[in-house]
Amino acid sequence: MKKIIAAILALGLLLALAGCGKQEQTPSSGDLLKDIQDRGTIIVAMEGTWAPWTYHDEQDNLVGYDVEVAKAIAEKLGVTAEFVEGEWDGLLAGLSAGRYDIMVNGVDIDPERQESYDFSTPYAFNRTAIITSGSNDSIESLEDLSGKHTANTISSTYAKLAEEYGAEVTGVDDLNQTFELLLSGRIDATLNAEMTYYDYMKAHPDADIKIAVLTEDANEIGIPMRKGEETAALREAINKALSELDADGTLSALSLKYFGTDISKKP
């Protein structure tokens with residue numbers, strides 16, 4: 001009888017603990033926008049090393065075009081932006097895993113990414129520059145990348161484009177490493193945003209580099225989020241916020257502040 005009573009008590013304890021565990025979990029409502037607004041924060045992924053999109057100033061504050069865009073969107077949603085920084089290669093994977101709500105990091109909208117992620121409407125437009133040393137005259141078109149050595153973060157649009165044209169791409173962690181390789185002569189070129197080049201030259205006016213090629217078409221920049229019905233309301237709310245920020249001149253003002261030109265309008 002004592003053994004039976006002990007077994008019953010033990011079973012009751014296990015059930016009670018299981019019940020506590022269930023109560024502590026906070027399962028998704030199936031509506032990410034509702035979850036974000038209930039939480040009061042939207043978790044935003046970005047690199048923090050790609051000026052002027054997202055970087056640290058001299059006081060080590062996280063600043064940049066995308067930082068302010070994300071904060072403005074969060075304000076429209078009635079929440080606060082919570083930033084999580086990481087290397088590019090892990091940001092989209094973290095988005096898929098649900099560690100972040102959105103990624104605001106100058107992300108090009110391309111067909112391959114659209115298979116895995118839903119995107120907002122474009123909020124910026126950016127031409128691609130092939131950047132070489134000042135004395136390198138061997139690259140005058142995208143086709144000239146064949147057989148050349150370039151550097152970029154491996155999963156970036158720029159790395160994919162270089163590979164499509166036959167370049168051998170060296171993987172790097174951030175923009176600073178890219179320019180170090182270029183300036184030391186260990187690569188022939190790098191592909192990057194046109195505005196990134198101008199920003200780098202503003203900080204390093206004596207750097208012996210140039211834009212060798214500039215694409216005519218501009219890439220569309222959007223905000224990726226997980227695919228599915230869970231994000232439908234969030235995507236709609238972000239698109240509404242971006243439309244309002246465009247209409248009231250906020251995106252244009254931020255573009256001029258960080259790039260010296262209006263990248264919020266398609267060239």
# chains A, B, ... in the order shown; residues from 1 in each chain; ligands from 1
$ residues_around --residues "Leu242 in chain A" --least-positions-apart "3" --cutoff "10 Å" --atoms "only C-alpha atoms" --output "number ranges by chain"
A: 69-70, 72-73, 76, 120-123, 236-239, 245-248, 250-251
$ select_by_dssp --residues "range 150-186 of chain A" --states "strand (DSSP E or B)" --output "PyMOL selection string"
chain A and resi 150-152+168-171
$ residues_around --residues "Gly134 in chain A" --least-positions-apart "3" --cutoff "8 Å" --atoms "only C-alpha atoms" --output "ChimeraX atom specification"
/A:208-210
$ residues_around --residues "range 200-207 of chain A" --least-positions-apart "5" --cutoff "12 Å" --atoms "only C-alpha atoms" --output "PyMOL selection string"
chain A and resi 50-53+131-135+175-176+178-180+182-184+192-195+258-260
$ closest_residue --among "A:Val172, A:Ala159, A:Leu256, A:Met103" --to "Ile221 in chain A" --atoms "only C-alpha atoms"
A:Met103
$ select_by_dssp --residues "range 54-162 of chain A" --states "helix (DSSP H, G or I)" --output "PyMOL selection string"
chain A and resi 65-77+88-96+111-116+142-145+157-162
$ residues_around --residues "Leu33 in chain A" --least-positions-apart "3" --cutoff "8 Å" --atoms "only C-alpha atoms" --output "PDB file with all heavy atoms, in the first residue's frame"
ATOM      1  N   ILE A  36       4.549  40.665 -31.882  1.00  0.00           N
ATOM      2  CA  ILE A  36       5.461  41.802 -31.746  1.00  0.00           C
ATOM      3  C   ILE A  36       4.812  42.908 -30.922  1.00  0.00           C
ATOM      4  O   ILE A  36       5.431  43.476 -30.010  1.00  0.00           O
ATOM      5  CB  ILE A  36       5.869  42.320 -33.148  1.00  0.00           C
ATOM      6  CG1 ILE A  36       6.822  41.322 -33.826  1.00  0.00           C
ATOM      7  CG2 ILE A  36       6.513  43.699 -33.062  1.00  0.00           C
ATOM      8  CD1 ILE A  36       7.031  41.588 -35.308  1.00  0.00           C
ATOM      9  N   GLN A  37       3.562  43.213 -31.226  1.00  0.00           N
ATOM     10  CA  GLN A  37       2.880  44.293 -30.503  1.00  0.00           C
ATOM     11  C   GLN A  37       2.580  43.907 -29.059  1.00  0.00           C
ATOM     12  O   GLN A  37       2.646  44.753 -28.162  1.00  0.00           O
ATOM     13  CB  GLN A  37       1.614  44.688 -31.262  1.00  0.00           C
ATOM     14  CG  GLN A  37       1.936  45.375 -32.589  1.00  0.00           C
ATOM     15  CD  GLN A  37       0.716  45.700 -33.429  1.00  0.00           C
ATOM     16  OE1 GLN A  37      -0.295  45.004 -33.370  1.00  0.00           O
ATOM     17  NE2 GLN A  37       0.806  46.757 -34.227  1.00  0.00           N
ATOM     18  N   THR A 231       3.338  35.851 -41.152  1.00  0.00           N
ATOM     19  CA  THR A 231       3.935  37.171 -41.358  1.00  0.00           C
ATOM     20  C   THR A 231       3.102  38.081 -42.264  1.00  0.00           C
ATOM     21  O   THR A 231       3.517  39.199 -42.536  1.00  0.00           O
ATOM     22  CB  THR A 231       5.343  37.027 -41.972  1.00  0.00           C
ATOM     23  OG1 THR A 231       5.222  36.369 -43.249  1.00  0.00           O
ATOM     24  CG2 THR A 231       6.255  36.229 -41.072  1.00  0.00           C
ATOM     25  N   ALA A 233       0.272  39.808 -41.921  1.00  0.00           N
ATOM     26  CA  ALA A 233      -0.157  41.085 -41.334  1.00  0.00           C
ATOM     27  C   ALA A 233       1.044  41.989 -41.069  1.00  0.00           C
ATOM     28  O   ALA A 233       0.962  43.214 -41.249  1.00  0.00           O
ATOM     29  CB  ALA A 233      -0.927  40.834 -40.038  1.00  0.00           C
ATOM     30  N   LEU A 234       2.172  41.385 -40.661  1.00  0.00           N
ATOM     31  CA  LEU A 234       3.382  42.172 -40.413  1.00  0.00           C
ATOM     32  C   LEU A 234       3.878  42.795 -41.711  1.00  0.00           C
ATOM     33  O   LEU A 234       4.232  43.981 -41.744  1.00  0.00           O
ATOM     34  CB  LEU A 234       4.474  41.287 -39.802  1.00  0.00           C
ATOM     35  CG  LEU A 234       5.837  41.956 -39.604  1.00  0.00           C
ATOM     36  CD1 LEU A 234       5.726  43.120 -38.631  1.00  0.00           C
ATOM     37  CD2 LEU A 234       6.875  40.945 -39.119  1.00  0.00           C
TER      38      LEU A 234
END
$ residues_around --residues "Trp88 in chain A" --least-positions-apart "4" --cutoff "9 Å" --atoms "only C-alpha atoms" --output "list of chain:residue names"
A:Met46, A:Glu47, A:Leu92, A:Asn105, A:Thr153, A:Ile154, A:Ser155, A:Ser156, A:Asp173, A:Asp174
$ write_last_selection --atoms "N, CA and C atoms" --output "mmCIF file, in the first residue's frame"
data_model
loop_
_atom_site.group_PDB
_atom_site.id
_atom_site.type_symbol
_atom_site.label_atom_id
_atom_site.label_comp_id
_atom_site.auth_asym_id
_atom_site.auth_seq_id
_atom_site.Cartn_x
_atom_site.Cartn_y
_atom_site.Cartn_z
ATOM 1 N N MET A 46 20.855 42.934 -38.165
ATOM 2 C CA MET A 46 21.707 43.702 -39.072
ATOM 3 C C MET A 46 23.172 43.457 -38.742
ATOM 4 N N GLU A 47 24.059 43.849 -39.659
ATOM 5 C CA GLU A 47 25.484 43.589 -39.465
ATOM 6 C C GLU A 47 26.137 44.542 -38.461
ATOM 7 N N LEU A 92 20.370 35.742 -42.281
ATOM 8 C CA LEU A 92 19.195 35.156 -42.932
ATOM 9 C C LEU A 92 18.837 33.809 -42.310
ATOM 10 N N ASN A 105 19.063 45.496 -43.596
ATOM 11 C CA ASN A 105 20.514 45.515 -43.806
ATOM 12 C C ASN A 105 20.847 45.661 -45.295
ATOM 13 N N THR A 153 31.181 38.889 -48.753
ATOM 14 C CA THR A 153 30.559 37.874 -47.902
ATOM 15 C C THR A 153 29.865 36.873 -48.826
ATOM 16 N N ILE A 154 30.045 35.589 -48.538
ATOM 17 C CA ILE A 154 29.748 34.532 -49.495
ATOM 18 C C ILE A 154 28.300 34.510 -49.978
ATOM 19 N N SER A 155 27.328 34.706 -49.099
ATOM 20 C CA SER A 155 25.931 34.584 -49.516
ATOM 21 C C SER A 155 25.336 35.898 -50.012
ATOM 22 N N SER A 156 26.176 36.924 -50.164
ATOM 23 C CA SER A 156 25.661 38.222 -50.604
ATOM 24 C C SER A 156 25.334 38.194 -52.087
ATOM 25 N N ASP A 173 34.348 38.477 -43.798
ATOM 26 C CA ASP A 173 33.349 38.700 -42.751
ATOM 27 C C ASP A 173 32.678 40.063 -42.866
ATOM 28 N N ASP A 174 33.421 41.060 -43.343
ATOM 29 C CA ASP A 174 32.849 42.406 -43.393
ATOM 30 C C ASP A 174 33.534 43.253 -44.456
#
